[in-house]
Amino acid sequence: MKKAILARKLGMTQIFNEDGELVPVTVLEAGPCAVTQIKTIDNDGYEAVQVGFYDTTEKAVTKDAQGKKSVAHRHGANKPEMGHFAKAGVSAKKYVREFRFENACDYKLGDEIKADIFAEGDKVDVTAITKGHGFESAIKRFGQHRGPMAHGSKFHRHQGSNGSTSTPSRVFKGKGMPGHMGSVQATVQNLQVVRVDAENNLLLVRGAVPGAKKALVTIKETVKA
């Protein structure tokens, strides 16, 4: 991997390309990301670049009359993290991730990675946490069919036979059942970069991208080029 960046999902829109075709795109605020640490084989056993994205502030810690500490707001960096960022010479960041670049040794602390590392026509893999839907039935979760809706049915939105009787007398692994839906990591591969706005740190990617608005998104050059 040679190129990667952290981004925030801003939403979807549509644009016209040079051929006059209407293209649905996802707008991503890509970077700028600051290099906060360089991992080396001698020091860490592997080569990687640690980057921070999206400026934040230090956590505000206050004390009450009894001297008990309390956090005024949970968002922000704590003292050890602030020291880590200060050592790299960058401002405090909300998100910190690692990329195993093949050219990790070429980076230096404080270097910026911007949206212009990608160009129009590049193919990328996009990873994010999908939208959470809470507790859902097997019908919505797995697309199962419902039973007859007549009054005598007594089987409307159940997930079907679970374990039968003496054979097999158990529920097989992987059986579709109601449960928590969404909030899982998902990757969409081979998405095309339609437009790059380096001035405003924006990438327009063709099609849909996992995650809700303002979700953290990881963009990497595709592994299936």
# chains A, B, ... in the order shown; residues from 1 in each chain; ligands from 1
$ select_by_dssp --residues "segment 6-201 of chain A" --states "helix (DSSP H, G or I)" --output "PyMOL selection string"
chain A and resi 41-44+79-88+104-106+115-117+138-142
$ select_by_dssp --residues "segment 79-120 of chain A" --states "strand (DSSP E or B)" --output "PyMOL selection string"
chain A and resi 93-99+112-113
$ residues_around --residues "Leu109 of chain A" --least-positions-apart "2" --cutoff "10 Å" --atoms "only C-alpha atoms" --output "CSV table (one decimal) with N, CA and C atoms, in the first residue's frame"
chain,number,residue,atom,x,y,z
A,34,ALA,N,-2.0,14.5,9.6
A,34,ALA,CA,-0.7,14.8,10.1
A,34,ALA,C,0.0,13.6,10.5
A,35,VAL,N,1.3,13.4,10.2
A,35,VAL,CA,2.0,12.2,10.6
A,35,VAL,C,2.4,12.4,12.1
A,36,THR,N,2.0,11.5,12.9
A,36,THR,CA,2.2,11.7,14.4
A,36,THR,C,3.3,10.7,14.9
A,37,GLN,N,3.6,9.7,14.1
A,37,GLN,CA,4.6,8.7,14.6
A,37,GLN,C,5.1,7.9,13.4
A,38,ILE,N,6.4,7.5,13.4
A,38,ILE,CA,6.9,6.6,12.3
A,38,ILE,C,7.3,5.3,13.0
A,49,VAL,N,3.1,4.1,9.3
A,49,VAL,CA,3.0,5.5,9.5
A,49,VAL,C,1.8,5.8,10.3
A,50,GLN,N,1.9,6.4,11.5
A,50,GLN,CA,0.7,6.7,12.3
A,50,GLN,C,0.3,8.2,11.9
A,51,VAL,N,-1.0,8.3,11.6
A,51,VAL,CA,-1.5,9.6,11.2
A,51,VAL,C,-2.6,10.1,12.1
A,85,PHE,N,1.2,14.2,20.7
A,85,PHE,CA,1.1,15.1,19.6
A,85,PHE,C,2.1,16.2,19.6
A,87,LYS,N,5.1,16.0,20.8
A,87,LYS,CA,6.4,15.4,20.4
A,87,LYS,C,6.5,15.4,18.9
A,88,ALA,N,5.4,15.2,18.2
A,88,ALA,CA,5.3,15.2,16.7
A,88,ALA,C,5.2,16.6,16.2
A,89,GLY,N,4.9,17.6,17.0
A,89,GLY,CA,4.8,19.0,16.6
A,89,GLY,C,3.5,19.2,15.8
A,90,VAL,N,2.5,18.5,16.2
A,90,VAL,CA,1.2,18.8,15.5
A,90,VAL,C,0.1,19.1,16.6
A,107,TYR,N,8.5,9.3,5.1
A,107,TYR,CA,7.7,10.3,5.8
A,107,TYR,C,8.5,10.8,7.0
A,111,ASP,N,4.6,15.7,8.8
A,111,ASP,CA,4.2,15.8,7.4
A,111,ASP,C,2.7,15.7,7.2
A,112,GLU,N,2.2,16.4,6.2
A,112,GLU,CA,0.8,16.4,6.0
A,112,GLU,C,0.4,15.5,4.8
$ atom_distance --atom1 "atom CA of Phe135 of chain A" --atom2 "atom CA of Arg8 of chain A"
26.2 Å
$ residues_around --residues "Gly134 of chain A" --least-positions-apart "5" --cutoff "12 Å" --atoms "only C-alpha atoms" --output "list in words"
Lys140, Arg141, Pro178, Gly179, His180, Met181, Gly182, Ser183 and Val184 of chain A
$ write_last_selection --atoms "N, CA, C and O atoms" --output "compact mmCIF listing (two decimals), in the first residue's frame"
# COMPACT_ATOMS: atom_id res chain seq x y z
N LYS A 140 -36.20 -7.92 8.57
CA LYS A 140 -35.42 -6.76 8.12
C LYS A 140 -33.93 -7.07 8.10
O LYS A 140 -33.20 -6.61 7.22
N ARG A 141 -33.48 -7.87 9.06
CA ARG A 141 -32.05 -8.14 9.20
C ARG A 141 -31.51 -9.03 8.09
O ARG A 141 -30.40 -8.82 7.60
N PRO A 178 -33.55 -12.57 15.17
CA PRO A 178 -33.56 -11.13 15.52
C PRO A 178 -32.33 -10.78 16.33
O PRO A 178 -31.79 -11.61 17.06
N GLY A 179 -31.90 -9.54 16.22
CA GLY A 179 -30.73 -9.12 16.98
C GLY A 179 -30.27 -7.74 16.55
O GLY A 179 -30.94 -7.04 15.79
N HIS A 180 -29.08 -7.39 17.04
CA HIS A 180 -28.52 -6.07 16.74
C HIS A 180 -28.11 -6.00 15.27
O HIS A 180 -27.37 -6.85 14.79
N MET A 181 -28.58 -4.97 14.59
CA MET A 181 -28.30 -4.83 13.15
C MET A 181 -27.47 -3.57 12.92
O MET A 181 -27.73 -2.51 13.49
N GLY A 182 -26.44 -3.70 12.09
CA GLY A 182 -25.59 -2.57 11.75
C GLY A 182 -24.47 -2.37 12.74
O GLY A 182 -24.17 -3.23 13.59
N SER A 183 -23.81 -1.20 12.66
CA SER A 183 -22.67 -0.84 13.52
C SER A 183 -21.54 -1.86 13.40
O SER A 183 -20.94 -2.26 14.40
N VAL A 184 -21.25 -2.30 12.17
CA VAL A 184 -20.15 -3.21 11.91
C VAL A 184 -19.24 -2.58 10.85
O VAL A 184 -19.67 -1.75 10.05
$ atom_distance --atom1 "atom CA of Leu203 of chain A" --atom2 "atom CA of Glu29 of chain A"
6.5 Å
$ residues_around --residues "Lys114 of chain A" --least-positions-apart "2" --cutoff "12 Å" --atoms "only C-alpha atoms" --output "PyMOL selection string"
chain A and resi 3-7+29-35+51-53+111-112+116-119+196-203+219
$ residues_around --residues "Thr222 of chain A" --least-positions-apart "6" --cutoff "9 Å" --atoms "only C-alpha atoms" --output "list in words"
Met1, Asp122, Lys123, Val124, Asp125, Val126, Gln189, Asn190 and Leu191 of chain A
$ closest_residue --among "A:Asn103, A:Ser169, A:Ser91, A:Thr130" --to "Ala208 of chain A" --atoms "only C-alpha atoms"
A:Thr130
$ closest_residue --among "A:Lys224, A:Phe172, A:Leu204, A:Gly211" --to "Ile15 of chain A" --atoms "only C-alpha atoms"
A:Leu204
$ residues_around --residues "Thr40 of chain A" --least-positions-apart "6" --cutoff "10 Å" --atoms "only C-alpha atoms" --output "tab-separated table (two decimals) with all heavy atoms, in the first residue's frame"
chain	number	residue	atom	x	y	z
A	46	TYR	N	8.02	-3.56	12.85
A	46	TYR	CA	7.36	-3.42	11.55
A	46	TYR	C	7.40	-1.96	11.14
A	46	TYR	O	7.66	-1.07	11.96
A	46	TYR	CB	5.92	-3.92	11.61
A	46	TYR	CG	5.00	-3.10	12.49
A	46	TYR	CD1	4.16	-2.14	11.96
A	46	TYR	CD2	4.98	-3.30	13.87
A	46	TYR	CE1	3.32	-1.38	12.77
A	46	TYR	CE2	4.15	-2.57	14.69
A	46	TYR	CZ	3.32	-1.60	14.13
A	46	TYR	OH	2.49	-0.86	14.94
A	47	GLU	N	7.14	-1.71	9.86
A	47	GLU	CA	7.15	-0.34	9.34
A	47	GLU	C	5.73	0.13	9.14
A	47	GLU	O	4.90	-0.57	8.54
A	47	GLU	CB	7.93	-0.28	8.01
A	47	GLU	CG	9.42	-0.39	8.16
A	47	GLU	CD	10.15	-0.09	6.86
A	47	GLU	OE1	9.46	0.00	5.82
A	47	GLU	OE2	11.38	0.05	6.88
A	48	ALA	N	5.43	1.33	9.62
A	48	ALA	CA	4.10	1.91	9.46
A	48	ALA	C	4.18	3.40	9.73
A	48	ALA	O	5.15	3.90	10.32
A	48	ALA	CB	3.08	1.26	10.40
A	49	VAL	N	3.15	4.08	9.28
A	49	VAL	CA	3.02	5.52	9.51
A	49	VAL	C	1.75	5.75	10.31
A	49	VAL	O	0.67	5.34	9.90
A	49	VAL	CB	2.96	6.32	8.18
A	49	VAL	CG1	2.74	7.80	8.46
A	49	VAL	CG2	4.25	6.11	7.40
A	104	ALA	N	7.22	3.90	4.03
A	104	ALA	CA	7.05	4.56	5.32
A	104	ALA	C	8.27	5.37	5.72
A	104	ALA	O	8.17	6.41	6.39
A	104	ALA	CB	6.74	3.52	6.40
A	105	CYS	N	9.45	4.92	5.31
A	105	CYS	CA	10.69	5.60	5.69
A	105	CYS	C	10.81	6.98	5.04
A	105	CYS	O	11.63	7.81	5.47
A	105	CYS	CB	11.90	4.75	5.34
A	105	CYS	SG	12.01	4.31	3.60
$ closest_residue --among "A:Gly110, A:Gly174, A:Gly11, A:Gly163" --to "Lys213 of chain A" --atoms "only C-alpha atoms"
A:Gly11
$ atom_distance --atom1 "atom CA of Phe101 of chain A" --atom2 "atom CA of Arg206 of chain A"
24.9 Å
$ closest_residue --among "A:Glu98, A:Glu136, A:Glu18, A:Asp55" --to "Lys220 of chain A" --atoms "only C-alpha atoms"
A:Glu98
